[in-house]
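Asker: Handing you a structure now.
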Amino acid sequence: MYSPFNPYGSVHREHASHHWHGGSAFRTQYFNALSMGFPEMERRMIYSVRTAMAKLGDTPQARHLRGPAQNFIAQEASHSLVHARLNVQRINPNWPVLTNLWPRRKIAQHHWLSNLARTCAVEHVTTILSVYVFRQPSLFNPVTPSLRDLWLWHAAEEIEHRCLAFDVYRAAGGGYLRRIAYFFLIVFTANALVMAQTLTNLALDGQLFKPRTWRDAFVLFWGREGLVWFFGRHLPTYLRPDFSPKDRHRQACDTALRWLQDYRSRTQGP
Ligand SMILES: [Fe+2]
Ligand SMILES: [Fe+2]
């Protein structure tokens, strides 16, 4: 795990542009909405994996998963910190963060396998989004280099650890029905939350009723290479009983991992 985006560092001047995604209010507030949700969501995923690993005890399977699980936790913890820092820099502190409306203590009341099934579903969704980012290299072209690196770094690490939650779920004996039930729940709630957060941001930004906002939304979601088509093709694979995150998106995963290797070598120094 390595992150060059020091969460305690000073505000980067490159981040000072208001509509940082190429001047597009919609794309800016959509990615802001994702970033606003990440810190809390990732803390919950860490909790679910940590709890599951403790439940697995000291079995050979658990020993095999311990290293990758620690890597997963370290990566998600750094994503959470970096996005929390970015949110402080980029987003009005008075804007509501909808992800935080669901109290964290409620998660502790759920069965640990259900929390893990939720994490597996979130990881499937984030992997598809991350693969999309690497298959559409122009998506972050209108963004300053440091912000582009931040989003690609997060996407690449999501791809790198995409199998961990699923492997822990399988090792813990998690079943198909629970996995699928939480998949539907996550697809519905995550979409609703991100869209509600995006619309709230746009309204508070005074951009909700501008024609360009909706033109950009249409292109991002329904354009020729839009997110809707991509998710429509890849989300349902999770429903297969023999689904495995390892076997999917080979080419994009290789590209992402190569990018990550290069990125780490150029940011970590000699
Ligand atoms: Fe993450
Ligand atoms: Fe992740």
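Chains: A, B, ... in order of the structure tokens. Residues: from 1 per chain. Ligands: from 1, in order shown.
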Dump as CSV the rows for residues of chain A within 7 Å of ligand 1: closest atom pair and distance in Å with one decimal, only C-alpha atoms and all ligand atoms counted, ordered by chain and rising residue number.

Answerer:
```
residue,atom,partner,partner_atom_place_in_ligand_line,distance
A:Glu42,CA,ligand 1,1 (Fe),6.2
A:Gln75,CA,ligand 1,1 (Fe),6.7
A:Glu76,CA,ligand 1,1 (Fe),4.6
A:His79,CA,ligand 1,1 (Fe),5.1
A:Ser80,CA,ligand 1,1 (Fe),6.9
A:His154,CA,ligand 1,1 (Fe),6.0
A:Glu158,CA,ligand 1,1 (Fe),5.7
```

Asker: Can you write just those residues out, C-alpha atoms, as an mmCIF file, in the first residue's frame?

Answerer:
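Here's the written file selection-v4.cif:
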```cif
data_model
loop_
_atom_site.group_PDB
_atom_site.id
_atom_site.type_symbol
_atom_site.label_atom_id
_atom_site.label_comp_id
_atom_site.auth_asym_id
_atom_site.auth_seq_id
_atom_site.Cartn_x
_atom_site.Cartn_y
_atom_site.Cartn_z
ATOM 1 C CA GLU A 42 -14.687 2.058 3.094
ATOM 2 C CA GLN A 75 -5.565 0.111 0.887
ATOM 3 C CA GLU A 76 -9.150 0.914 1.860
ATOM 4 C CA HIS A 79 -8.496 5.523 0.137
ATOM 5 C CA SER A 80 -10.753 6.612 2.973
ATOM 6 C CA HIS A 154 -7.920 4.388 -6.378
ATOM 7 C CA GLU A 158 -9.701 -1.544 -6.355
#
```

Asker: Counting only C-alpha atoms, give me one row per residue of stretch 38-140 of chain A with an atom at most 8 Å from an atom of stretch 197-205 of chain A, showing the shortest contact pair and its distance in Å to one decimal, sorted by chain then residue number, as a tab-separated table.

Answerer:
```
residue	atom	partner	partner_atom	distance
A:Trp95	CA	A:Asn201	CA	7.4
A:Val97	CA	A:Gln197	CA	7.3
A:Leu98	CA	A:Gln197	CA	6.4
```

Asker: Could those residues be written to a file, using N, CA and C atoms, as a tab-separated table (two decimals), in the first residue's frame?

Answerer:
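Everything below was put into out.tsv:
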```tsv
chain	number	residue	atom	x	y	z
A	95	TRP	N	-22.47	21.10	3.10
A	95	TRP	CA	-23.29	20.20	2.28
A	95	TRP	C	-23.49	18.88	3.01
A	97	VAL	N	-23.75	14.94	3.79
A	97	VAL	CA	-23.17	13.71	3.23
A	97	VAL	C	-24.17	12.59	3.50
A	98	LEU	N	-24.86	12.16	2.43
A	98	LEU	CA	-26.00	11.26	2.62
A	98	LEU	C	-25.59	9.89	3.15
```

Asker: What parts of stretch 182-228 of chain A does DSSP call alpha helix (DSSP H)? I'd like the answer as a PyMOL selection string.

Answerer: chain A and resi 182-204+211-222+227-228

Asker: Restricting the calculation to only C-alpha atoms and all ligand atoms: of A:Ile46, A:Ala54, A:Val133, A:Leu81, which residue gets closest to ligand 2?

Answerer: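 Nearest candidate to ligand 2 out of A:Ile46, A:Ala54, A:Val133, A:Leu81: A:Ile46.
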
Asker: Would you work out the distance separating atom CA of A:Ala74 from atom CA of A:Leu147, expressed in Å to one decimal?

Answerer: 20.9 Å

Asker: Per residue of chain A within 10 Å of ligand 2, note the shortest atom pair and the distance in Å to one decimal, counting only C-alpha atoms and all ligand atoms, and order the rows by chain and increasing residue number, as CSV.

Answerer:
```
residue,atom,partner,partner_atom_place_in_ligand_line,distance
A:Phe38,CA,ligand 2,1 (Fe),9.9
A:Met41,CA,ligand 2,1 (Fe),9.7
A:Glu42,CA,ligand 2,1 (Fe),7.4
A:Met45,CA,ligand 2,1 (Fe),8.0
A:Ile46,CA,ligand 2,1 (Fe),9.2
A:Phe72,CA,ligand 2,1 (Fe),7.1
A:Ile73,CA,ligand 2,1 (Fe),8.8
A:Gln75,CA,ligand 2,1 (Fe),7.7
A:Glu76,CA,ligand 2,1 (Fe),6.1
A:Ala77,CA,ligand 2,1 (Fe),9.8
A:His79,CA,ligand 2,1 (Fe),8.8
A:Thr119,CA,ligand 2,1 (Fe),8.3
A:Cys120,CA,ligand 2,1 (Fe),9.0
A:Val122,CA,ligand 2,1 (Fe),7.7
A:Glu123,CA,ligand 2,1 (Fe),5.3
A:His124,CA,ligand 2,1 (Fe),8.7
A:Val125,CA,ligand 2,1 (Fe),9.5
A:Thr126,CA,ligand 2,1 (Fe),6.8
A:Thr127,CA,ligand 2,1 (Fe),7.7
A:Ser130,CA,ligand 2,1 (Fe),9.9
A:His154,CA,ligand 2,1 (Fe),8.6
A:Ala155,CA,ligand 2,1 (Fe),8.7
A:Ala156,CA,ligand 2,1 (Fe),9.8
A:Glu157,CA,ligand 2,1 (Fe),7.3
A:Glu158,CA,ligand 2,1 (Fe),4.6
A:Ile159,CA,ligand 2,1 (Fe),7.7
A:Glu160,CA,ligand 2,1 (Fe),8.6
A:His161,CA,ligand 2,1 (Fe),6.4
A:Arg162,CA,ligand 2,1 (Fe),6.4
A:Cys163,CA,ligand 2,1 (Fe),9.3
A:Leu164,CA,ligand 2,1 (Fe),8.7
A:Ala165,CA,ligand 2,1 (Fe),8.5
```

Asker: Please produce a file of the residues just selected, as a compact mmCIF listing (two decimals), in the first residue's frame, where the atoms kept are N, CA and C atoms.

Answerer:
```
# COMPACT_ATOMS: atom_id res chain seq x y z
N PHE A 38 -17.17 7.64 -0.19
CA PHE A 38 -16.09 6.67 0.02
C PHE A 38 -15.62 6.52 1.47
N MET A 41 -18.11 4.48 3.56
CA MET A 41 -18.32 3.16 2.97
C MET A 41 -17.08 2.27 3.17
N GLU A 42 -15.92 2.85 2.98
CA GLU A 42 -14.69 2.06 3.09
C GLU A 42 -14.40 1.68 4.54
N MET A 45 -16.45 -1.34 5.11
CA MET A 45 -15.91 -2.55 4.46
C MET A 45 -14.73 -3.09 5.25
N ILE A 46 -13.90 -2.20 5.76
CA ILE A 46 -12.77 -2.63 6.60
C ILE A 46 -13.31 -3.38 7.81
N PHE A 72 -5.76 -5.39 1.89
CA PHE A 72 -7.08 -4.81 1.59
C PHE A 72 -7.40 -3.70 2.59
N ILE A 73 -7.21 -4.01 3.87
CA ILE A 73 -7.55 -3.04 4.93
C ILE A 73 -6.67 -1.79 4.80
N GLN A 75 -5.20 -0.65 2.09
CA GLN A 75 -5.56 0.11 0.89
C GLN A 75 -6.86 0.88 1.11
N GLU A 76 -7.88 0.21 1.66
CA GLU A 76 -9.15 0.91 1.86
C GLU A 76 -9.00 2.04 2.89
N ALA A 77 -8.14 1.81 3.90
CA ALA A 77 -7.92 2.86 4.90
C ALA A 77 -7.28 4.08 4.24
N HIS A 79 -7.49 4.90 1.02
CA HIS A 79 -8.50 5.52 0.14
C HIS A 79 -9.42 6.43 0.97
N THR A 119 -20.08 -6.11 1.48
CA THR A 119 -18.76 -5.67 0.99
C THR A 119 -18.43 -6.32 -0.36
N CYS A 120 -18.75 -7.63 -0.49
CA CYS A 120 -18.49 -8.32 -1.77
C CYS A 120 -19.24 -7.62 -2.91
N VAL A 122 -20.32 -4.46 -3.00
CA VAL A 122 -19.72 -3.13 -3.25
C VAL A 122 -18.43 -3.30 -4.06
N GLU A 123 -17.65 -4.32 -3.73
CA GLU A 123 -16.39 -4.55 -4.45
C GLU A 123 -16.66 -4.89 -5.92
N HIS A 124 -17.74 -5.62 -6.18
CA HIS A 124 -18.09 -5.93 -7.57
C HIS A 124 -18.42 -4.63 -8.33
N VAL A 125 -19.21 -3.77 -7.69
CA VAL A 125 -19.60 -2.52 -8.33
C VAL A 125 -18.37 -1.62 -8.54
N THR A 126 -17.51 -1.52 -7.51
CA THR A 126 -16.34 -0.64 -7.65
C THR A 126 -15.35 -1.21 -8.67
N THR A 127 -15.29 -2.54 -8.77
CA THR A 127 -14.40 -3.13 -9.78
C THR A 127 -14.89 -2.77 -11.19
N SER A 130 -14.05 0.74 -11.83
CA SER A 130 -12.60 0.90 -12.01
C SER A 130 -12.15 0.39 -13.39
N HIS A 154 -6.85 5.07 -7.13
CA HIS A 154 -7.92 4.39 -6.38
C HIS A 154 -8.51 3.25 -7.22
N ALA A 155 -8.77 3.55 -8.49
CA ALA A 155 -9.37 2.52 -9.38
C ALA A 155 -8.43 1.32 -9.51
N ALA A 156 -7.13 1.59 -9.68
CA ALA A 156 -6.17 0.49 -9.87
C ALA A 156 -6.08 -0.38 -8.61
N GLU A 157 -6.10 0.25 -7.45
CA GLU A 157 -6.02 -0.55 -6.22
C GLU A 157 -7.31 -1.34 -5.99
N GLU A 158 -8.45 -0.77 -6.43
CA GLU A 158 -9.70 -1.54 -6.36
C GLU A 158 -9.58 -2.82 -7.20
N ILE A 159 -8.97 -2.67 -8.37
CA ILE A 159 -8.78 -3.83 -9.24
C ILE A 159 -7.80 -4.80 -8.61
N GLU A 160 -6.75 -4.26 -8.01
CA GLU A 160 -5.73 -5.12 -7.41
C GLU A 160 -6.32 -6.00 -6.30
N HIS A 161 -7.19 -5.45 -5.46
CA HIS A 161 -7.69 -6.25 -4.33
C HIS A 161 -9.12 -6.77 -4.55
N ARG A 162 -9.54 -6.85 -5.83
CA ARG A 162 -10.94 -7.16 -6.13
C ARG A 162 -11.41 -8.52 -5.62
N CYS A 163 -10.48 -9.47 -5.41
CA CYS A 163 -10.89 -10.83 -5.04
C CYS A 163 -10.98 -11.04 -3.53
N LEU A 164 -10.40 -10.12 -2.75
CA LEU A 164 -10.20 -10.44 -1.33
C LEU A 164 -11.51 -10.70 -0.57
N ALA A 165 -12.45 -9.77 -0.64
CA ALA A 165 -13.69 -9.92 0.14
C ALA A 165 -14.41 -11.20 -0.29
```

Asker: Atom CA of A:His111 and atom CA of A:Arg66, how far apart in Å?

Answerer: 21.1 Å

Asker: To one decimal in Å, tell me the separation between atom CA of A:Phe183 and atom CA of A:Tyr238.

Answerer: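 Taking atom CA of A:Phe183 as the start and atom CA of A:Tyr238 as the end point, the length is 8.1 Å.
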
Asker: Which residues are near A:Ala84? Cut-off 10 Å, only C-alpha atoms, ignore same chain within fewer than 3 positions. Put them as JSON, numbers by chain.

Answerer: {"A": [7, 35, 36, 37, 38, 39, 40, 78, 79, 80, 81, 87, 88, 89, 90]}

Asker: Which residue gives the smallest distance to A:Arg43 among A:Thr267, A:Ser24, A:Thr213, A:Thr99, with only C-alpha atoms counted?

Answerer: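 Among A:Thr267, A:Ser24, A:Thr213, A:Thr99, it is A:Thr99 that comes nearest to A:Arg43.
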
Asker: Would you pick out the contacts of A:Leu220 at 12 Å or less, using only C-alpha atoms, so that residues sharing its chain but fewer than 2 positions from it are not included, and give the list as an mmCIF file with N, CA and C atoms, in the first residue's frame?

Answerer:
```
data_model
loop_
_atom_site.group_PDB
_atom_site.id
_atom_site.type_symbol
_atom_site.label_atom_id
_atom_site.label_comp_id
_atom_site.auth_asym_id
_atom_site.auth_seq_id
_atom_site.Cartn_x
_atom_site.Cartn_y
_atom_site.Cartn_z
ATOM 1 N N SER A 24 -17.165 20.826 -16.205
ATOM 2 C CA SER A 24 -18.513 20.236 -16.249
ATOM 3 C C SER A 24 -19.074 20.112 -14.831
ATOM 4 N N PHE A 26 -21.879 18.657 -13.969
ATOM 5 C CA PHE A 26 -22.421 17.325 -13.678
ATOM 6 C C PHE A 26 -21.316 16.337 -13.333
ATOM 7 N N ARG A 27 -20.299 16.274 -14.182
ATOM 8 C CA ARG A 27 -19.222 15.300 -13.906
ATOM 9 C C ARG A 27 -18.535 15.625 -12.575
ATOM 10 N N THR A 28 -18.341 16.914 -12.321
ATOM 11 C CA THR A 28 -17.711 17.307 -11.053
ATOM 12 C C THR A 28 -18.546 16.837 -9.872
ATOM 13 N N TYR A 30 -20.900 14.562 -9.774
ATOM 14 C CA TYR A 30 -21.048 13.104 -9.738
ATOM 15 C C TYR A 30 -19.826 12.471 -9.051
ATOM 16 N N PHE A 31 -18.631 12.893 -9.470
ATOM 17 C CA PHE A 31 -17.429 12.324 -8.841
ATOM 18 C C PHE A 31 -17.257 12.853 -7.414
ATOM 19 N N TYR A 132 -14.025 0.338 -15.991
ATOM 20 C CA TYR A 132 -14.537 1.355 -16.918
ATOM 21 C C TYR A 132 -13.527 2.506 -17.041
ATOM 22 N N VAL A 133 -13.000 2.943 -15.881
ATOM 23 C CA VAL A 133 -12.028 4.045 -15.875
ATOM 24 C C VAL A 133 -10.810 3.690 -16.736
ATOM 25 N N GLN A 136 -11.702 3.556 -20.519
ATOM 26 C CA GLN A 136 -12.043 4.868 -21.082
ATOM 27 C C GLN A 136 -10.988 5.866 -20.637
ATOM 28 N N SER A 138 -9.872 8.429 -21.729
ATOM 29 C CA SER A 138 -10.130 9.857 -21.927
ATOM 30 C C SER A 138 -11.014 10.440 -20.818
ATOM 31 N N LEU A 139 -11.604 9.584 -19.988
ATOM 32 C CA LEU A 139 -12.557 10.067 -18.974
ATOM 33 C C LEU A 139 -11.938 11.129 -18.067
ATOM 34 N N THR A 213 -25.706 20.853 -17.797
ATOM 35 C CA THR A 213 -25.631 19.833 -16.745
ATOM 36 C C THR A 213 -26.240 18.535 -17.248
ATOM 37 N N TRP A 214 -27.408 18.631 -17.882
ATOM 38 C CA TRP A 214 -28.133 17.423 -18.289
ATOM 39 C C TRP A 214 -27.592 16.828 -19.580
ATOM 40 N N ARG A 215 -26.978 17.696 -20.397
ATOM 41 C CA ARG A 215 -26.305 17.189 -21.599
ATOM 42 C C ARG A 215 -25.115 16.320 -21.168
ATOM 43 N N ASP A 216 -24.334 16.825 -20.204
ATOM 44 C CA ASP A 216 -23.171 16.066 -19.718
ATOM 45 C C ASP A 216 -23.607 14.775 -19.015
ATOM 46 N N ALA A 217 -24.729 14.846 -18.299
ATOM 47 C CA ALA A 217 -25.246 13.642 -17.614
ATOM 48 C C ALA A 217 -25.619 12.590 -18.652
ATOM 49 N N PHE A 218 -26.268 13.033 -19.724
ATOM 50 C CA PHE A 218 -26.697 12.107 -20.769
ATOM 51 C C PHE A 218 -25.490 11.421 -21.402
ATOM 52 N N TRP A 222 -25.592 7.700 -20.869
ATOM 53 C CA TRP A 222 -26.287 7.079 -21.997
ATOM 54 C C TRP A 222 -25.564 7.243 -23.328
ATOM 55 N N GLY A 223 -24.396 7.888 -23.298
ATOM 56 C CA GLY A 223 -23.631 8.073 -24.538
ATOM 57 C C GLY A 223 -23.167 6.726 -25.087
ATOM 58 N N ARG A 224 -22.477 6.768 -26.227
ATOM 59 C CA ARG A 224 -22.090 5.528 -26.908
ATOM 60 C C ARG A 224 -21.278 4.593 -26.011
ATOM 61 N N GLU A 225 -20.399 5.190 -25.207
ATOM 62 C CA GLU A 225 -19.599 4.387 -24.268
ATOM 63 C C GLU A 225 -20.049 4.665 -22.840
ATOM 64 N N GLY A 226 -21.327 4.933 -22.671
ATOM 65 C CA GLY A 226 -21.841 5.385 -21.374
ATOM 66 C C GLY A 226 -21.802 4.329 -20.271
ATOM 67 N N LEU A 227 -21.859 4.829 -19.038
ATOM 68 C CA LEU A 227 -21.808 3.954 -17.866
ATOM 69 C C LEU A 227 -22.968 2.958 -17.817
ATOM 70 N N VAL A 228 -24.140 3.385 -18.272
ATOM 71 C CA VAL A 228 -25.324 2.511 -18.180
ATOM 72 C C VAL A 228 -25.107 1.232 -18.982
ATOM 73 N N TRP A 229 -24.565 1.382 -20.187
ATOM 74 C CA TRP A 229 -24.346 0.198 -21.045
ATOM 75 C C TRP A 229 -23.288 -0.705 -20.439
ATOM 76 N N PHE A 230 -22.239 -0.081 -19.912
ATOM 77 C CA PHE A 230 -21.130 -0.870 -19.365
ATOM 78 C C PHE A 230 -21.591 -1.662 -18.136
#
```

Asker: Of the candidates A:Val143, A:Ala69, A:Ile180, A:Leu152, which shows the shortest atom-to-atom distance to A:Arg264, using only C-alpha atoms?

Answerer: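 Closest residue, counting only C-alpha atoms: A:Leu152.
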